[in-house]
$ cat data-v6.pdb   # PDB, N, CA and C atoms and all ligand atoms
MODEL        1
ATOM      1  N   MET A 926       1.449  18.563   5.157  1.00  0.00           N
ATOM      2  CA  MET A 926       1.011  17.602   4.144  1.00  0.00           C
ATOM      3  C   MET A 926       0.695  16.260   4.784  1.00  0.00           C
ATOM      4  N   PRO A 927      -0.460  15.733   4.469  1.00  0.00           N
ATOM      5  CA  PRO A 927      -0.747  14.366   4.935  1.00  0.00           C
ATOM      6  C   PRO A 927       0.270  13.408   4.333  1.00  0.00           C
ATOM      7  N   PRO A 928       0.565  12.341   5.060  1.00  0.00           N
ATOM      8  CA  PRO A 928       1.588  11.419   4.554  1.00  0.00           C
ATOM      9  C   PRO A 928       1.107  10.632   3.344  1.00  0.00           C
ATOM     10  N   THR A 929       2.070  10.217   2.543  1.00  0.00           N
ATOM     11  CA  THR A 929       1.786   9.291   1.456  1.00  0.00           C
ATOM     12  C   THR A 929       2.620   8.041   1.671  1.00  0.00           C
ATOM     13  N   MET A 930       2.168   6.953   1.117  1.00  0.00           N
ATOM     14  CA  MET A 930       2.883   5.688   1.256  1.00  0.00           C
ATOM     15  C   MET A 930       2.936   5.012  -0.105  1.00  0.00           C
ATOM     16  N   GLU A 931       4.117   4.594  -0.502  1.00  0.00           N
ATOM     17  CA  GLU A 931       4.247   3.879  -1.759  1.00  0.00           C
ATOM     18  C   GLU A 931       4.413   2.404  -1.471  1.00  0.00           C
ATOM     19  N   ALA A 932       3.719   1.593  -2.254  1.00  0.00           N
ATOM     20  CA  ALA A 932       3.757   0.157  -2.003  1.00  0.00           C
ATOM     21  C   ALA A 932       3.847  -0.602  -3.306  1.00  0.00           C
ATOM     22  N   ILE A 933       4.407  -1.784  -3.210  1.00  0.00           N
ATOM     23  CA  ILE A 933       4.444  -2.697  -4.347  1.00  0.00           C
ATOM     24  C   ILE A 933       3.737  -3.978  -3.958  1.00  0.00           C
ATOM     25  N   CYS A 934       3.267  -4.692  -4.978  1.00  0.00           N
ATOM     26  CA  CYS A 934       2.662  -5.994  -4.749  1.00  0.00           C
ATOM     27  C   CYS A 934       3.705  -7.048  -5.053  1.00  0.00           C
ATOM     28  N   THR A 935       3.937  -7.910  -4.095  1.00  0.00           N
ATOM     29  CA  THR A 935       4.987  -8.916  -4.258  1.00  0.00           C
ATOM     30  C   THR A 935       4.446 -10.231  -4.801  1.00  0.00           C
ATOM     31  N   ASP A 936       3.160 -10.265  -5.094  1.00  0.00           N
ATOM     32  CA  ASP A 936       2.590 -11.475  -5.674  1.00  0.00           C
ATOM     33  C   ASP A 936       3.145 -11.656  -7.085  1.00  0.00           C
ATOM     34  N   GLU A 937       3.741 -12.811  -7.367  1.00  0.00           N
ATOM     35  CA  GLU A 937       4.413 -13.025  -8.646  1.00  0.00           C
ATOM     36  C   GLU A 937       3.452 -12.981  -9.823  1.00  0.00           C
ATOM     37  N   SER A 938       2.208 -13.303  -9.599  1.00  0.00           N
ATOM     38  CA  SER A 938       1.251 -13.343 -10.705  1.00  0.00           C
ATOM     39  C   SER A 938       0.522 -12.021 -10.873  1.00  0.00           C
ATOM     40  N   CYS A 939       0.868 -11.036 -10.060  1.00  0.00           N
ATOM     41  CA  CYS A 939       0.195  -9.746 -10.122  1.00  0.00           C
ATOM     42  C   CYS A 939       0.968  -8.796 -11.023  1.00  0.00           C
ATOM     43  N   GLU A 940       0.246  -8.089 -11.873  1.00  0.00           N
ATOM     44  CA  GLU A 940       0.889  -7.196 -12.843  1.00  0.00           C
ATOM     45  C   GLU A 940       0.991  -5.766 -12.340  1.00  0.00           C
ATOM     46  N   LEU A 941       0.521  -5.501 -11.135  1.00  0.00           N
ATOM     47  CA  LEU A 941       0.612  -4.143 -10.603  1.00  0.00           C
ATOM     48  C   LEU A 941       2.064  -3.812 -10.283  1.00  0.00           C
ATOM     49  N   ASP A 942       2.512  -2.657 -10.744  1.00  0.00           N
ATOM     50  CA  ASP A 942       3.891  -2.268 -10.493  1.00  0.00           C
ATOM     51  C   ASP A 942       4.014  -1.585  -9.144  1.00  0.00           C
ATOM     52  N   MET A 943       3.314  -0.497  -8.975  1.00  0.00           N
ATOM     53  CA  MET A 943       3.448   0.278  -7.758  1.00  0.00           C
ATOM     54  C   MET A 943       2.152   1.029  -7.522  1.00  0.00           C
ATOM     55  N   VAL A 944       1.839   1.250  -6.269  1.00  0.00           N
ATOM     56  CA  VAL A 944       0.649   2.029  -5.939  1.00  0.00           C
ATOM     57  C   VAL A 944       1.035   3.050  -4.884  1.00  0.00           C
ATOM     58  N   GLU A 945       0.496   4.239  -5.007  1.00  0.00           N
ATOM     59  CA  GLU A 945       0.788   5.294  -4.051  1.00  0.00           C
ATOM     60  C   GLU A 945      -0.481   5.602  -3.274  1.00  0.00           C
ATOM     61  N   LEU A 946      -0.384   5.532  -1.968  1.00  0.00           N
ATOM     62  CA  LEU A 946      -1.538   5.774  -1.105  1.00  0.00           C
ATOM     63  C   LEU A 946      -1.421   7.177  -0.516  1.00  0.00           C
ATOM     64  N   HIS A 947      -2.439   7.961  -0.711  1.00  0.00           N
ATOM     65  CA  HIS A 947      -2.445   9.316  -0.176  1.00  0.00           C
ATOM     66  C   HIS A 947      -3.422   9.380   0.995  1.00  0.00           C
ATOM     67  N   PHE A 948      -2.914   9.724   2.146  1.00  0.00           N
ATOM     68  CA  PHE A 948      -3.729   9.782   3.345  1.00  0.00           C
ATOM     69  C   PHE A 948      -4.260  11.196   3.570  1.00  0.00           C
ATOM     70  N   THR A 949      -5.304  11.278   4.340  1.00  0.00           N
ATOM     71  CA  THR A 949      -5.767  12.583   4.815  1.00  0.00           C
ATOM     72  C   THR A 949      -5.347  12.736   6.277  1.00  0.00           C
ATOM     73  N   TYR A 950      -5.546  13.905   6.810  1.00  0.00           N
ATOM     74  CA  TYR A 950      -5.206  14.133   8.208  1.00  0.00           C
ATOM     75  C   TYR A 950      -6.094  13.311   9.147  1.00  0.00           C
ATOM     76  N   ASP A 951      -7.215  12.834   8.623  1.00  0.00           N
ATOM     77  CA  ASP A 951      -8.134  12.052   9.448  1.00  0.00           C
ATOM     78  C   ASP A 951      -7.694  10.610   9.619  1.00  0.00           C
ATOM     79  N   MET A 952      -6.679  10.196   8.849  1.00  0.00           N
ATOM     80  CA  MET A 952      -6.208   8.821   8.960  1.00  0.00           C
ATOM     81  C   MET A 952      -5.544   8.603  10.315  1.00  0.00           C
ATOM     82  N   PRO A 953      -5.931   7.551  11.037  1.00  0.00           N
ATOM     83  CA  PRO A 953      -5.293   7.289  12.331  1.00  0.00           C
ATOM     84  C   PRO A 953      -3.783   7.100  12.173  1.00  0.00           C
ATOM     85  N   GLY A 954      -3.033   7.508  13.174  1.00  0.00           N
ATOM     86  CA  GLY A 954      -1.588   7.465  13.081  1.00  0.00           C
ATOM     87  C   GLY A 954      -0.991   6.079  13.064  1.00  0.00           C
ATOM     88  N   ASP A 955      -1.770   5.077  13.479  1.00  0.00           N
ATOM     89  CA  ASP A 955      -1.208   3.736  13.566  1.00  0.00           C
ATOM     90  C   ASP A 955      -1.535   2.878  12.342  1.00  0.00           C
ATOM     91  N   VAL A 956      -1.986   3.538  11.274  1.00  0.00           N
ATOM     92  CA  VAL A 956      -2.274   2.785  10.053  1.00  0.00           C
ATOM     93  C   VAL A 956      -0.965   2.307   9.428  1.00  0.00           C
ATOM     94  N   SER A 957      -0.913   1.061   9.054  1.00  0.00           N
ATOM     95  CA  SER A 957       0.284   0.529   8.415  1.00  0.00           C
ATOM     96  C   SER A 957      -0.122  -0.153   7.112  1.00  0.00           C
ATOM     97  N   ILE A 958       0.883  -0.611   6.404  1.00  0.00           N
ATOM     98  CA  ILE A 958       0.653  -1.260   5.112  1.00  0.00           C
ATOM     99  C   ILE A 958      -0.206  -2.519   5.280  1.00  0.00           C
ATOM    100  N   ALA A 959      -0.202  -3.096   6.464  1.00  0.00           N
ATOM    101  CA  ALA A 959      -0.977  -4.307   6.711  1.00  0.00           C
ATOM    102  C   ALA A 959      -2.479  -4.038   6.677  1.00  0.00           C
ATOM    103  N   ASP A 960      -2.855  -2.763   6.751  1.00  0.00           N
ATOM    104  CA  ASP A 960      -4.267  -2.413   6.724  1.00  0.00           C
ATOM    105  C   ASP A 960      -4.811  -2.302   5.303  1.00  0.00           C
ATOM    106  N   PHE A 961      -3.918  -2.438   4.316  1.00  0.00           N
ATOM    107  CA  PHE A 961      -4.346  -2.297   2.924  1.00  0.00           C
ATOM    108  C   PHE A 961      -4.153  -3.608   2.178  1.00  0.00           C
ATOM    109  N   GLN A 962      -4.825  -3.677   1.043  1.00  0.00           N
ATOM    110  CA  GLN A 962      -4.622  -4.816   0.173  1.00  0.00           C
ATOM    111  C   GLN A 962      -4.351  -4.316  -1.236  1.00  0.00           C
ATOM    112  N   CYS A 963      -3.779  -5.184  -2.054  1.00  0.00           N
ATOM    113  CA  CYS A 963      -3.460  -4.808  -3.426  1.00  0.00           C
ATOM    114  C   CYS A 963      -4.751  -4.458  -4.168  1.00  0.00           C
ATOM    115  N   PRO A 964      -4.811  -3.269  -4.800  1.00  0.00           N
ATOM    116  CA  PRO A 964      -6.043  -2.880  -5.511  1.00  0.00           C
ATOM    117  C   PRO A 964      -6.252  -3.664  -6.795  1.00  0.00           C
ATOM    118  N   TYR A 965      -5.252  -4.416  -7.203  1.00  0.00           N
ATOM    119  CA  TYR A 965      -5.382  -5.170  -8.448  1.00  0.00           C
ATOM    120  C   TYR A 965      -5.742  -6.630  -8.181  1.00  0.00           C
ATOM    121  N   CYS A 966      -4.922  -7.322  -7.412  1.00  0.00           N
ATOM    122  CA  CYS A 966      -5.181  -8.746  -7.188  1.00  0.00           C
ATOM    123  C   CYS A 966      -5.906  -8.989  -5.866  1.00  0.00           C
ATOM    124  N   GLY A 967      -5.963  -7.986  -5.013  1.00  0.00           N
ATOM    125  CA  GLY A 967      -6.723  -8.116  -3.783  1.00  0.00           C
ATOM    126  C   GLY A 967      -6.022  -8.847  -2.672  1.00  0.00           C
ATOM    127  N   THR A 968      -4.757  -9.181  -2.883  1.00  0.00           N
ATOM    128  CA  THR A 968      -4.022  -9.900  -1.847  1.00  0.00           C
ATOM    129  C   THR A 968      -3.448  -8.929  -0.829  1.00  0.00           C
ATOM    130  N   SER A 969      -3.806  -9.105   0.408  1.00  0.00           N
ATOM    131  CA  SER A 969      -3.339  -8.174   1.430  1.00  0.00           C
ATOM    132  C   SER A 969      -1.927  -8.510   1.900  1.00  0.00           C
ATOM    133  N   GLU A 970      -1.597  -9.802   1.927  1.00  0.00           N
ATOM    134  CA  GLU A 970      -0.278 -10.193   2.437  1.00  0.00           C
ATOM    135  C   GLU A 970       0.835  -9.812   1.481  1.00  0.00           C
ATOM    136  N   ALA A 971       0.497  -9.588   0.191  1.00  0.00           N
ATOM    137  CA  ALA A 971       1.525  -9.361  -0.817  1.00  0.00           C
ATOM    138  C   ALA A 971       1.950  -7.898  -0.890  1.00  0.00           C
ATOM    139  N   LEU A 972       1.187  -7.024  -0.291  1.00  0.00           N
ATOM    140  CA  LEU A 972       1.495  -5.600  -0.382  1.00  0.00           C
ATOM    141  C   LEU A 972       2.661  -5.262   0.554  1.00  0.00           C
ATOM    142  N   GLU A 973       3.636  -4.553   0.000  1.00  0.00           N
ATOM    143  CA  GLU A 973       4.839  -4.256   0.771  1.00  0.00           C
ATOM    144  C   GLU A 973       5.183  -2.782   0.611  1.00  0.00           C
ATOM    145  N   GLU A 974       5.441  -2.124   1.724  1.00  0.00           N
ATOM    146  CA  GLU A 974       5.737  -0.697   1.676  1.00  0.00           C
ATOM    147  C   GLU A 974       7.142  -0.449   1.128  1.00  0.00           C
ATOM    148  N   ILE A 975       7.260   0.558   0.302  1.00  0.00           N
ATOM    149  CA  ILE A 975       8.556   0.971  -0.229  1.00  0.00           C
ATOM    150  C   ILE A 975       9.061   2.128   0.602  1.00  0.00           C
ATOM    151  N   THR A 976      10.202   1.969   1.203  1.00  0.00           N
ATOM    152  CA  THR A 976      10.786   3.066   1.972  1.00  0.00           C
ATOM    153  C   THR A 976      11.943   3.642   1.174  1.00  0.00           C
ATOM    154  N   LEU A 977      11.796   4.895   0.793  1.00  0.00           N
ATOM    155  CA  LEU A 977      12.804   5.518  -0.058  1.00  0.00           C
ATOM    156  C   LEU A 977      13.894   6.177   0.757  1.00  0.00           C
TER
HETATM  157 ZN    ZN B1001      -1.315  -7.526  -6.460  1.00  0.00          ZN
ENDMDL
END

$ encode --input "data-v6.pdb" --output "structure tokens" --more "lines below"
Ligand SMILES: [Zn+2]
Amino acid sequence: MPPTMEAICTDESCELDMVELHFTYDMPGDVSIADFQCPYCGTSEALEEITL
């Protein structure tokens, strides 16, 4: 199974609760949460990975 990553937006004014990123096998192995931005408010620094 390709990995999935769950993230939250830490921007206080953002209403997004949680987003789940589903990767394919083609995704480079060194991709981190810093490569993504919040799909709602667009802030990249506010996105934080949830480690369960
Ligand atoms: Zn956001």

$ resolve_selection --input "data-v6.pdb" --expression "the PyMOL selection byres (((chain A and resi 959 and name CA) around 9) and not hetatm and name CA)" --output "count of residues only"
10

$ resolve_selection --input "data-v6.pdb" --expression "the PyMOL selection byres (((not hetatm) and name CA) within 12 of (chain B and resi 1001))" --output "list of chain:residue names"
A:Ala932, A:Ile933, A:Cys934, A:Thr935, A:Asp936, A:Glu937, A:Ser938, A:Cys939, A:Glu940, A:Leu941, A:Asp942, A:Met943, A:Val944, A:Phe961, A:Gln962, A:Cys963, A:Pro964, A:Tyr965, A:Cys966, A:Gly967, A:Thr968, A:Ser969, A:Glu970, A:Ala971, A:Leu972, A:Glu973

$ write_last_selection --input "data-v6.pdb" --atoms "N, CA and C atoms" --output "compact mmCIF listing (two decimals), keeping the file's coordinate frame"
# COMPACT_ATOMS: atom_id res chain seq x y z
N ALA A 932 3.72 1.59 -2.25
CA ALA A 932 3.76 0.16 -2.00
C ALA A 932 3.85 -0.60 -3.31
N ILE A 933 4.41 -1.78 -3.21
CA ILE A 933 4.44 -2.70 -4.35
C ILE A 933 3.74 -3.98 -3.96
N CYS A 934 3.27 -4.69 -4.98
CA CYS A 934 2.66 -5.99 -4.75
C CYS A 934 3.70 -7.05 -5.05
N THR A 935 3.94 -7.91 -4.10
CA THR A 935 4.99 -8.92 -4.26
C THR A 935 4.45 -10.23 -4.80
N ASP A 936 3.16 -10.26 -5.09
CA ASP A 936 2.59 -11.48 -5.67
C ASP A 936 3.14 -11.66 -7.08
N GLU A 937 3.74 -12.81 -7.37
CA GLU A 937 4.41 -13.02 -8.65
C GLU A 937 3.45 -12.98 -9.82
N SER A 938 2.21 -13.30 -9.60
CA SER A 938 1.25 -13.34 -10.70
C SER A 938 0.52 -12.02 -10.87
N CYS A 939 0.87 -11.04 -10.06
CA CYS A 939 0.20 -9.75 -10.12
C CYS A 939 0.97 -8.80 -11.02
N GLU A 940 0.25 -8.09 -11.87
CA GLU A 940 0.89 -7.20 -12.84
C GLU A 940 0.99 -5.77 -12.34
N LEU A 941 0.52 -5.50 -11.14
CA LEU A 941 0.61 -4.14 -10.60
C LEU A 941 2.06 -3.81 -10.28
N ASP A 942 2.51 -2.66 -10.74
CA ASP A 942 3.89 -2.27 -10.49
C ASP A 942 4.01 -1.58 -9.14
N MET A 943 3.31 -0.50 -8.98
CA MET A 943 3.45 0.28 -7.76
C MET A 943 2.15 1.03 -7.52
N VAL A 944 1.84 1.25 -6.27
CA VAL A 944 0.65 2.03 -5.94
C VAL A 944 1.03 3.05 -4.88
N PHE A 961 -3.92 -2.44 4.32
CA PHE A 961 -4.35 -2.30 2.92
C PHE A 961 -4.15 -3.61 2.18
N GLN A 962 -4.82 -3.68 1.04
CA GLN A 962 -4.62 -4.82 0.17
C GLN A 962 -4.35 -4.32 -1.24
N CYS A 963 -3.78 -5.18 -2.05
CA CYS A 963 -3.46 -4.81 -3.43
C CYS A 963 -4.75 -4.46 -4.17
N PRO A 964 -4.81 -3.27 -4.80
CA PRO A 964 -6.04 -2.88 -5.51
C PRO A 964 -6.25 -3.66 -6.80
N TYR A 965 -5.25 -4.42 -7.20
CA TYR A 965 -5.38 -5.17 -8.45
C TYR A 965 -5.74 -6.63 -8.18
N CYS A 966 -4.92 -7.32 -7.41
CA CYS A 966 -5.18 -8.75 -7.19
C CYS A 966 -5.91 -8.99 -5.87
N GLY A 967 -5.96 -7.99 -5.01
CA GLY A 967 -6.72 -8.12 -3.78
C GLY A 967 -6.02 -8.85 -2.67
N THR A 968 -4.76 -9.18 -2.88
CA THR A 968 -4.02 -9.90 -1.85
C THR A 968 -3.45 -8.93 -0.83
N SER A 969 -3.81 -9.10 0.41
CA SER A 969 -3.34 -8.17 1.43
C SER A 969 -1.93 -8.51 1.90
N GLU A 970 -1.60 -9.80 1.93
CA GLU A 970 -0.28 -10.19 2.44
C GLU A 970 0.84 -9.81 1.48
N ALA A 971 0.50 -9.59 0.19
CA ALA A 971 1.52 -9.36 -0.82
C ALA A 971 1.95 -7.90 -0.89
N LEU A 972 1.19 -7.02 -0.29
CA LEU A 972 1.50 -5.60 -0.38
C LEU A 972 2.66 -5.26 0.55
N GLU A 973 3.64 -4.55 0.00
CA GLU A 973 4.84 -4.26 0.77
C GLU A 973 5.18 -2.78 0.61

$ select_by_dssp --input "data-v6.pdb" --residues "chain A" --states "strand (DSSP E)" --output "list in words"
Thr929, Met930, Glu931, Ala932, Ile933, Cys934, Val944, Glu945, Leu946, His947, Leu972, Glu973, Glu974 and Ile975 of chain A

$ atom_distance --input "data-v6.pdb" --atom1 "CA of Met930 in chain A" --atom2 "CA of Asp951 in chain A"
15.1 Å

$ resolve_selection --input "data-v6.pdb" --expression "the PyMOL selection byres (((chain A and resi 929) around 6.5) and not hetatm)" --output "VMD selection string"
chain A and resid 927 to 928 930 to 931 945 to 948
